[in-house]
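Participant: Here it is, the structure in full.
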Amino acid sequence: MSALARVGSIWLVGCGNMGGAMLRGWLAQGLAPDKLTVIDPALPELPAGVRSLNALPDGEAGPEVLVLAVKPQLLGDVVAQFRRKSGSAPGLLLSVLAGVESGILKQAFNAGATVRAMPNLPAQIGKGVTVLCSEDADMDRRQIAEELMRVLGTVEWIADEALFHAVTALSGSGPGYVFRFIEAMADAGRALGLPEELASRLAVETVSGSALLASASDESPAELADRVASPGGTTREGLNRLDAADGIRPLIRQTLEAAARRSAELAAAARQS
Ligand SMILES: NC(=O)C1=CN([C@@H]2O[C@H](COP(=O)(O)OP(=O)(O)OC[C@H]3O[C@@H](n4cnc5c(N)ncnc54)[C@H](OP(=O)(O)O)[C@@H]3O)[C@@H](O)[C@H]2O)C=CC1
Ligand SMILES: O=C(O)[C@@H]1CCC=N1
């Protein structure tokens, strides 16, 4: 029996982009709806059989798995509610909150084990990548956490939680940069005279097809770029601009550095709250 099928109860706190994707994925994998409680003051419409609450229940024993998917700035509210209302600590705490460290989560919820996760938005179509990290989860709880996140796409474990700032900057925030890149490609195509909708479609399909090829190919992205660039052709001219000293590499490095810095700031704020 899968680890997930053995889980008794899951409370999901926050059912927006990430929480919603997890909920849909778990149900699609066959998790029984009556094992699930969603806690979200917005009371989102939920599939039949899932318990919906606008706040943590009063005096009820804690769940086997507590999943946190609220904005990091709301952690304090959730912790305060948990202390006021819940009867016992969860067996496993799984948090997708950017910047909030395991130490803070352990102190706040006193769970049997704590796992931090950093998914990304393609999770909404099961094509995300999630990085997991835990200092105290045994094999069984690691397996539960992994199965809960695998419904969102692929899963990677890291041993050093300090790398979470870099992970958040790269894969957590990364879809945002890729969407901006698609937009910029489409804008540039329009500036060259393409009709707006055609430029948008060409930009999306070009990025999507290239990502699929990079994922399926044994060749590195650098080798694949060389395959596109015929000697003396158009792509080399474009790549020369991207590869210039003020081109894409320093820009992307600065982009990730800015996001990682923000992750560290969120961590500091959570430590102080
Ligand atoms: N979006 C992304 O791509 C990624 C997000 N994350 C992390 O996931 C977490 C959630 O992000 P995301 O899903 O985008 O956020 P959303 O705002 O989409 O979802 C959060 C949900 O929590 C609800 N909420 C607000 N207050 C409470 C409360 N006290 N108790 C329970 N639920 C509450 C919100 O309701 P309302 O809208 O009414 O306030 C909303 O429905 C964040 O911590 C973020 O760092 C991690 C990786 C990627
Ligand atoms: O922007 C954020 O803070 C969250 C974490 C990674 C993606 N979204």
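Ligands are numbered from 1 in the order shown, residues from 1 within each chain, and chains are lettered A, B, ... in the order they appear in the structure tokens.
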Counting only C-alpha atoms and all ligand atoms, what are the residues, protein, DNA or RNA alike, that approach ligand 2 to within 8 Å? I want them as a VMD selection string.
Facilitator: chain A and resid 71 97 to 98 118 to 121 168 to 169 171 to 174 176 263
Participant: Counting only C-alpha atoms and all ligand atoms, name the residues that have an atom within 9 Å of an atom of ligand 1; the answer should be given as a count of residues only.
Facilitator: 54
Participant: Identify all residues of range 2-240 of chain A in helix (DSSP H, G or I) (DSSP on the backbone) and supply them as a count of residues only.
Facilitator: 124
Participant: For the strand (DSSP E) assignment from backbone DSSP, which residues of range 63-162 of chain A qualify? Please present them as a ChimeraX atom specification.
Facilitator: /A:65-68,92-95,113-118,128-133,153-157
Participant: Hey, can you spit out that residue selection with C-alpha atoms as a PDB file, in the first residue's frame?
Facilitator:
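Below you can see part15.pdb, which holds the result:
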ATOM      1  CA  VAL A  65      -0.449  15.539   8.352  1.00  0.00           C
ATOM      2  CA  LEU A  66      -0.729  19.321   8.578  1.00  0.00           C
ATOM      3  CA  VAL A  67       0.063  21.085   5.292  1.00  0.00           C
ATOM      4  CA  LEU A  68       0.768  24.821   5.376  1.00  0.00           C
ATOM      5  CA  LEU A  92       3.959  15.449  10.125  1.00  0.00           C
ATOM      6  CA  LEU A  93       4.125  19.123   9.209  1.00  0.00           C
ATOM      7  CA  LEU A  94       4.663  19.899   5.537  1.00  0.00           C
ATOM      8  CA  SER A  95       5.207  23.555   4.686  1.00  0.00           C
ATOM      9  CA  ALA A 113       8.483  15.592  11.955  1.00  0.00           C
ATOM     10  CA  THR A 114       8.802  18.696   9.815  1.00  0.00           C
ATOM     11  CA  VAL A 115       9.386  18.769   6.058  1.00  0.00           C
ATOM     12  CA  ARG A 116       9.963  21.950   4.070  1.00  0.00           C
ATOM     13  CA  ALA A 117       8.939  21.945   0.429  1.00  0.00           C
ATOM     14  CA  MET A 118       9.475  24.399  -2.411  1.00  0.00           C
ATOM     15  CA  GLY A 128       6.092  21.294 -11.321  1.00  0.00           C
ATOM     16  CA  VAL A 129       9.328  20.489  -9.579  1.00  0.00           C
ATOM     17  CA  THR A 130       9.404  20.393  -5.788  1.00  0.00           C
ATOM     18  CA  VAL A 131      12.476  20.431  -3.564  1.00  0.00           C
ATOM     19  CA  LEU A 132      12.125  18.812  -0.128  1.00  0.00           C
ATOM     20  CA  CYS A 133      14.272  19.001   2.982  1.00  0.00           C
ATOM     21  CA  GLY A 153       5.398  16.798 -10.670  1.00  0.00           C
ATOM     22  CA  THR A 154       8.951  15.703  -9.978  1.00  0.00           C
ATOM     23  CA  VAL A 155      10.571  15.771  -6.520  1.00  0.00           C
ATOM     24  CA  GLU A 156      14.158  16.407  -5.410  1.00  0.00           C
ATOM     25  CA  TRP A 157      15.544  16.110  -1.860  1.00  0.00           C
TER      26      TRP A 157
END
Participant: Of the candidates A:Gln143, A:Thr255, A:Gln124, A:Ser217, which one gets nearest to Ala3 in chain A if we count only C-alpha atoms?
Facilitator: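 For Ala3 in chain A, the nearest of the candidates is A:Gln143.
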Participant: Between CA of Ser52 in chain A and CA of Trp11 in chain A, what is the spacing in Å?
Facilitator: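 The value is 9.8 Å.
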Participant: With only C-alpha atoms as the counted atoms, please give the residues lying no more than 7 Å from range 25-34 of chain A, apart from itself and same-chain residues fewer than 6 positions off, as number ranges by chain.
Facilitator: A: 5, 49-51, 148, 151-152
Participant: Please save C-alpha atoms of the selected residues as a PDB file, in the first residue's frame.
Facilitator:
ATOM      1  CA  ALA A   5      -3.089   5.564   1.202  1.00  0.00           C
ATOM      2  CA  GLY A  49     -16.708  15.062   0.626  1.00  0.00           C
ATOM      3  CA  VAL A  50     -13.836  17.411   1.555  1.00  0.00           C
ATOM      4  CA  ARG A  51     -14.456  19.156   4.875  1.00  0.00           C
ATOM      5  CA  LEU A 148       2.068  14.223  -1.261  1.00  0.00           C
ATOM      6  CA  VAL A 151       1.232  14.728  -7.441  1.00  0.00           C
ATOM      7  CA  LEU A 152       2.596  18.147  -8.461  1.00  0.00           C
TER       8      LEU A 152
END
Participant: Residues within 10 Å of Gly189 in chain A, please, as an mmCIF file with N, CA and C atoms, in the first residue's frame. Count only C-alpha atoms; anything in the same chain fewer than 6 positions from it doesn't count.
Facilitator:
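Printed below is part.cif as written:
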data_model
loop_
_atom_site.group_PDB
_atom_site.id
_atom_site.type_symbol
_atom_site.label_atom_id
_atom_site.label_comp_id
_atom_site.auth_asym_id
_atom_site.auth_seq_id
_atom_site.Cartn_x
_atom_site.Cartn_y
_atom_site.Cartn_z
ATOM 1 N N GLU A 183 6.769 36.803 -22.543
ATOM 2 C CA GLU A 183 6.129 38.082 -22.846
ATOM 3 C C GLU A 183 7.076 38.977 -23.650
ATOM 4 N N PRO A 195 1.566 40.100 -36.085
ATOM 5 C CA PRO A 195 0.294 40.344 -35.382
ATOM 6 C C PRO A 195 0.405 39.853 -33.929
ATOM 7 N N GLU A 196 -0.290 40.552 -33.001
ATOM 8 C CA GLU A 196 -0.137 40.315 -31.557
ATOM 9 C C GLU A 196 -0.372 38.846 -31.166
ATOM 10 N N LEU A 198 -0.449 36.105 -32.989
ATOM 11 C CA LEU A 198 0.511 35.178 -33.594
ATOM 12 C C LEU A 198 1.841 35.248 -32.829
ATOM 13 N N ALA A 199 2.276 36.463 -32.493
ATOM 14 C CA ALA A 199 3.538 36.624 -31.757
ATOM 15 C C ALA A 199 3.456 35.902 -30.411
ATOM 16 N N SER A 200 2.313 36.008 -29.726
ATOM 17 C CA SER A 200 2.153 35.346 -28.416
ATOM 18 C C SER A 200 2.213 33.836 -28.568
ATOM 19 N N LEU A 202 3.577 32.083 -31.002
ATOM 20 C CA LEU A 202 4.921 31.642 -31.390
ATOM 21 C C LEU A 202 5.863 31.654 -30.183
ATOM 22 N N ALA A 203 5.733 32.672 -29.339
ATOM 23 C CA ALA A 203 6.618 32.768 -28.166
ATOM 24 C C ALA A 203 6.362 31.610 -27.200
#
Participant: Got a sec: who's within 10 Å of Ser2 in chain A, counting only C-alpha atoms, leaving out chain neighbours fewer than 2 positions off, as a ChimeraX atom specification?
Facilitator: /A:4-7,143-144,147
Participant: Considering only C-alpha atoms, state which residue in the set A:Leu192, A:Ala229, A:Val178, A:Ala259 is at the smallest distance from Ala211 in chain A.
Facilitator: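 That would be A:Val178, the residue with the smallest distance to Ala211 in chain A.
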Participant: How many Å lie between CA of Glu161 in chain A and CA of Ser102 in chain A, rounded to one decimal?
Facilitator: 8.3 Å
Participant: Which neighbours of Phe179 in chain A fall inside 10 Å, counting only C-alpha atoms, when residues of the same chain fewer than 6 positions from it are skipped, and could you give them as an NGL selection string?
Facilitator: :A and (185 or 204 or 207)
Participant: Select, from A:Pro90, A:Gly193, A:Gly103, A:Pro47, the residue with the minimum atom-to-atom distance to Arg271 in chain A, counting only C-alpha atoms.
Facilitator: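 Ranked by minimum distance to Arg271 in chain A, first place goes to A:Gly103.
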